[in-house]
Amino acid sequence: MVDVVGLCKYLEGPQVVSAKKLTRKMAAAAAAGVAATLMLTACQAEKPDAQGWDSGQVTNWAIDEPVTEADVLKAVTAATTLKDLPTKVRKSDLVAASGDDQKAWALPRCTPTIEQTKLDDLGPCTLGDLKSEREIFVVGDSAAAMWYGAFDLIGKRKAWKVVMLTKNNCGPATLTYYQWQRGRTFTECTEWQKWRAGVIEREQPGIVVLAGWYGGNLGPGKKETPQVWRDGLVKTATQFPKNTKVVMLGNTPHPATPPAECVASNPSNLVECASDPEQAVPDQTGWSRAAKDVGGTFIDVTPWFCADSCPAIIGDQIVYAGKNHITQKYGRYVSGSIEKAMAPLLGA
């Protein structure tokens with residue numbers, strides 16, 4: 001049988017594995033002209049995600065000893081004056097994070113298509129402690145999905161099963177969204193919202209975390225004010241079961257340009273790649289007021305990203321994938337900070 005993994009590595013280029021390390025059987029299979037489509041499918045299936053994004057590839061220290069919030073805050077402050085690229089940050093990773101590649105932030109096999117209005121199987125979207133009867137649901141769009149690495153670790157550490165109910169461009173607030181790729185109302189999102197409300201009612205999770213992108217998803221000419229966002233979040237939360245605790249996870253900064261791209265071009269002058277908090281940090285009042293209205297918990301994530309500036313590299317971590325998402329690796333890095341904020345809800 002052909003060693004598909006080894007052959008795929010060879011096809012990636014000589015910097016990964018030398019042709020001399022191929023077995024004769026592998027070389028024969030390649031020379032025989034394996035059908036391109038079959039080989040592509042096999043390589044995509046066998047090839048590990050870029051930068052080790054697979055949630056199963058987590059070191060024990062990351063599970064058992066989360067980075068403390070105090071250490072995260074120190075790292076953020078230190079990063080504001082950091083000039084030279086840390087040696088642990090690979091240039092190849094910067095290139096990968098320069099574009100908005102879903103591999104950097106999306107949970108594999110848990111990204112519904114535009115047309116999908118429901119999931120028939122929550123298995124691929126389930127993380128954390130899979131044996132636990134306690135459930136956390138994370139609800140929102142791609143800016144919620146990007147937190148899967150953090151909640152995976154929190155679930156494993158605190159014995160909670162985590163279900164990611166996320167759909168790109170379909171936010172956590174119950175509103176009518178716009179599908180920019182199709183240039184029309186996102187009707188599939190409206191149906192998705194109804195479906196996810198039914199799933200939450202059926203599953204009765206102990207905690208629901210609302211997260212997502214605030215600003216600009218309602219369509220041309222429609223103003224997304226903090227009040228509109230607040231009302232939409234409240235409408236979502238009031239549909240939850242009576243005993244479900246609600247967490248509003250605030251927005252991450254919105255850099256004007258991809259920070260990793262800037263870092264790749266300025267490895268000895270990283271301060272040039274930091275964002276101004278006054279420009280990058282979105283209005284959080286919609287989130288905080290909604291949390292107050294429903295008796296929920298608001299988590300302001302800004303201090304984990306910004307001090308005097310919002311650096312592109314923090315604690316040897318690439319923070320952003322493109323400019324619209326954080327890398328799930330950075331999400332893992334601040335998982336201890338989220339865990340601390342949610343401690344009263346998580347229990348022992």
# chains A, B, ... in the order shown; residues from 1 in each chain; ligands from 1

call {"tool": "select_by_dssp", "arguments": {"residues": "segment 98-275 of chain A", "states": "alpha helix (DSSP H)", "output": "NGL selection string"}}
result
:A and (98 or 142-145 or 148-158 or 187-203 or 226-237 or 259-265)

call {"tool": "residues_around", "arguments": {"residues": "Thr236 of chain A", "least_positions_apart": "2", "cutoff": "6 Å", "atoms": "only C-alpha atoms", "output": "list in words"}}
result
Ala173, Thr174, Leu233, Val234, Thr238 and Gln239 of chain A

call {"tool": "write_last_selection", "arguments": {"atoms": "all heavy atoms", "output": "mmCIF file, in the first residue's frame"}}
result
data_model
loop_
_atom_site.group_PDB
_atom_site.id
_atom_site.type_symbol
_atom_site.label_atom_id
_atom_site.label_comp_id
_atom_site.auth_asym_id
_atom_site.auth_seq_id
_atom_site.Cartn_x
_atom_site.Cartn_y
_atom_site.Cartn_z
ATOM 1 N N ALA A 173 -26.388 37.926 17.084
ATOM 2 C CA ALA A 173 -27.571 38.754 17.299
ATOM 3 C C ALA A 173 -28.667 38.341 16.319
ATOM 4 O O ALA A 173 -28.393 38.082 15.143
ATOM 5 C CB ALA A 173 -27.227 40.233 17.119
ATOM 6 N N THR A 174 -29.888 38.259 16.804
ATOM 7 C CA THR A 174 -31.007 37.897 15.943
ATOM 8 C C THR A 174 -31.386 39.108 15.097
ATOM 9 O O THR A 174 -32.153 39.982 15.517
ATOM 10 C CB THR A 174 -32.210 37.416 16.782
ATOM 11 O OG1 THR A 174 -31.800 36.287 17.576
ATOM 12 C CG2 THR A 174 -33.361 36.986 15.881
ATOM 13 N N LEU A 233 -28.913 40.985 20.249
ATOM 14 C CA LEU A 233 -28.336 40.030 21.215
ATOM 15 C C LEU A 233 -29.345 39.659 22.285
ATOM 16 O O LEU A 233 -29.457 38.489 22.681
ATOM 17 C CB LEU A 233 -27.081 40.629 21.855
ATOM 18 C CG LEU A 233 -25.852 40.786 20.962
ATOM 19 C CD1 LEU A 233 -24.765 41.584 21.686
ATOM 20 C CD2 LEU A 233 -25.306 39.431 20.519
ATOM 21 N N VAL A 234 -30.066 40.644 22.769
ATOM 22 C CA VAL A 234 -31.083 40.384 23.792
ATOM 23 C C VAL A 234 -32.160 39.456 23.236
ATOM 24 O O VAL A 234 -32.612 38.518 23.910
ATOM 25 C CB VAL A 234 -31.705 41.707 24.288
ATOM 26 C CG1 VAL A 234 -32.938 41.435 25.155
ATOM 27 C CG2 VAL A 234 -30.682 42.501 25.085
ATOM 28 N N THR A 238 -32.953 35.844 25.012
ATOM 29 C CA THR A 238 -34.247 35.596 25.651
ATOM 30 C C THR A 238 -34.926 34.336 25.128
ATOM 31 O O THR A 238 -35.924 33.891 25.695
ATOM 32 C CB THR A 238 -35.188 36.806 25.471
ATOM 33 O OG1 THR A 238 -35.270 37.150 24.084
ATOM 34 C CG2 THR A 238 -34.685 38.005 26.261
ATOM 35 N N GLN A 239 -34.382 33.744 24.078
ATOM 36 C CA GLN A 239 -34.915 32.476 23.564
ATOM 37 C C GLN A 239 -34.315 31.269 24.268
ATOM 38 O O GLN A 239 -34.787 30.145 24.082
ATOM 39 C CB GLN A 239 -34.629 32.372 22.064
ATOM 40 C CG GLN A 239 -35.242 33.461 21.213
ATOM 41 C CD GLN A 239 -34.819 33.340 19.757
ATOM 42 O OE1 GLN A 239 -34.989 32.302 19.112
ATOM 43 N NE2 GLN A 239 -34.241 34.398 19.214
#

call {"tool": "closest_residue", "arguments": {"among": "A:Ala341, A:Leu210, A:Ala143, A:Ile154", "to": "Thr252 of chain A", "atoms": "only C-alpha atoms"}}
result
A:Ala143

call {"tool": "closest_residue", "arguments": {"among": "A:Arg90, A:Lys194, A:Arg134, A:Arg182", "to": "Val163 of chain A", "atoms": "only C-alpha atoms"}}
result
A:Arg134

call {"tool": "closest_residue", "arguments": {"among": "A:Pro220, A:Pro86, A:Pro172, A:Gly155", "to": "Trp192 of chain A", "atoms": "only C-alpha atoms"}}
result
A:Pro172

call {"tool": "atom_distance", "arguments": {"atom1": "atom CA of Glu339 of chain A", "atom2": "atom CA of Lys158 of chain A"}}
result
8.8 Å

call {"tool": "residues_around", "arguments": {"residues": "Val162 of chain A", "least_positions_apart": "3", "cutoff": "7 Å", "atoms": "only C-alpha atoms", "output": "VMD selection string"}}
result
chain A and resid 126 to 128 135 to 137 151 to 152 155

call {"tool": "select_by_dssp", "arguments": {"residues": "segment 196-328 of chain A", "states": "strand (DSSP E)", "output": "ChimeraX atom specification"}}
result
/A:207-211,245-249,297-299,313-314,317-318,320-321,325-326

call {"tool": "residues_around", "arguments": {"residues": "Lys340 of chain A", "least_positions_apart": "4", "cutoff": "9 Å", "atoms": "only C-alpha atoms", "output": "list in words"}}
result
Thr68, Glu69, Ser335, Gly336 and Pro344 of chain A

call {"tool": "closest_residue", "arguments": {"among": "A:Thr297, A:Asn251, A:Asn217, A:Ser132", "to": "Val281 of chain A", "atoms": "only C-alpha atoms"}}
result
A:Asn251

call {"tool": "atom_distance", "arguments": {"atom1": "atom CA of Tyr333 of chain A", "atom2": "atom CA of Ala291 of chain A"}}
result
24.9 Å

call {"tool": "closest_residue", "arguments": {"among": "A:Val208, A:Val319, A:Met146, A:Leu82", "to": "Glu272 of chain A", "atoms": "only C-alpha atoms"}}
result
A:Leu82

call {"tool": "closest_residue", "arguments": {"among": "A:Gly232, A:Pro226, A:Pro258, A:Gly215", "to": "Gln193 of chain A", "atoms": "only C-alpha atoms"}}
result
A:Gly232

call {"tool": "residues_around", "arguments": {"residues": "segment 283-285 of chain A", "least_positions_apart": "6", "cutoff": "10 Å", "atoms": "only C-alpha atoms", "output": "PyMOL selection string"}}
result
chain A and resi 214-215+225-227+229-230+249-253+291+298-302

call {"tool": "write_last_selection", "arguments": {"atoms": "C-alpha atoms", "output": "compact mmCIF listing (two decimals), in the first residue's frame"}}
result
# COMPACT_ATOMS: atom_id res chain seq x y z
CA TYR A 214 -19.90 43.67 15.10
CA GLY A 215 -20.09 46.18 12.28
CA THR A 225 -25.51 50.82 15.84
CA PRO A 226 -24.69 49.59 19.36
CA GLN A 227 -28.41 49.81 20.15
CA TRP A 229 -26.70 45.14 18.15
CA ARG A 230 -27.81 45.18 21.77
CA LEU A 249 -17.69 37.69 24.44
CA GLY A 250 -16.74 41.14 23.17
CA ASN A 251 -15.14 41.93 19.83
CA THR A 252 -11.44 41.65 19.15
CA PRO A 253 -9.67 44.64 17.53
CA ALA A 291 -25.29 41.25 29.01
CA PHE A 298 -19.75 40.40 29.53
CA ILE A 299 -16.09 39.66 28.79
CA ASP A 300 -14.04 42.54 27.40
CA VAL A 301 -11.19 40.91 25.49
CA THR A 302 -9.46 44.20 24.61

call {"tool": "atom_distance", "arguments": {"atom1": "atom CA of Lys292 of chain A", "atom2": "atom CA of Val139 of chain A"}}
result
18.4 Å

call {"tool": "residues_around", "arguments": {"residues": "Thr176 of chain A", "least_positions_apart": "5", "cutoff": "10 Å", "atoms": "only C-alpha atoms", "output": "ChimeraX atom specification"}}
result
/A:170-171,185-187,189-190,193,217-219,232

call {"tool": "write_last_selection", "arguments": {"atoms": "C-alpha atoms", "output": "JSON list (two decimals), in the first residue's frame"}}
result
[["chain", "number", "residue", "atom", "x", "y", "z"],
["A", 170, "CYS", "CA", -24.35, 34.76, 10.41],
["A", 171, "GLY", "CA", -23.89, 36.62, 13.67],
["A", 185, "THR", "CA", -30.34, 39.13, 1.98],
["A", 186, "PHE", "CA", -28.82, 36.16, 3.80],
["A", 187, "THR", "CA", -32.02, 34.12, 3.98],
["A", 189, "CYS", "CA", -28.82, 32.74, 7.98],
["A", 190, "THR", "CA", -32.36, 33.55, 9.04],
["A", 193, "GLN", "CA", -30.95, 31.21, 13.49],
["A", 217, "ASN", "CA", -22.96, 42.77, 8.15],
["A", 218, "LEU", "CA", -26.50, 44.10, 7.75],
["A", 219, "GLY", "CA", -26.06, 45.21, 4.18],
["A", 232, "GLY", "CA", -30.47, 41.68, 18.53]]
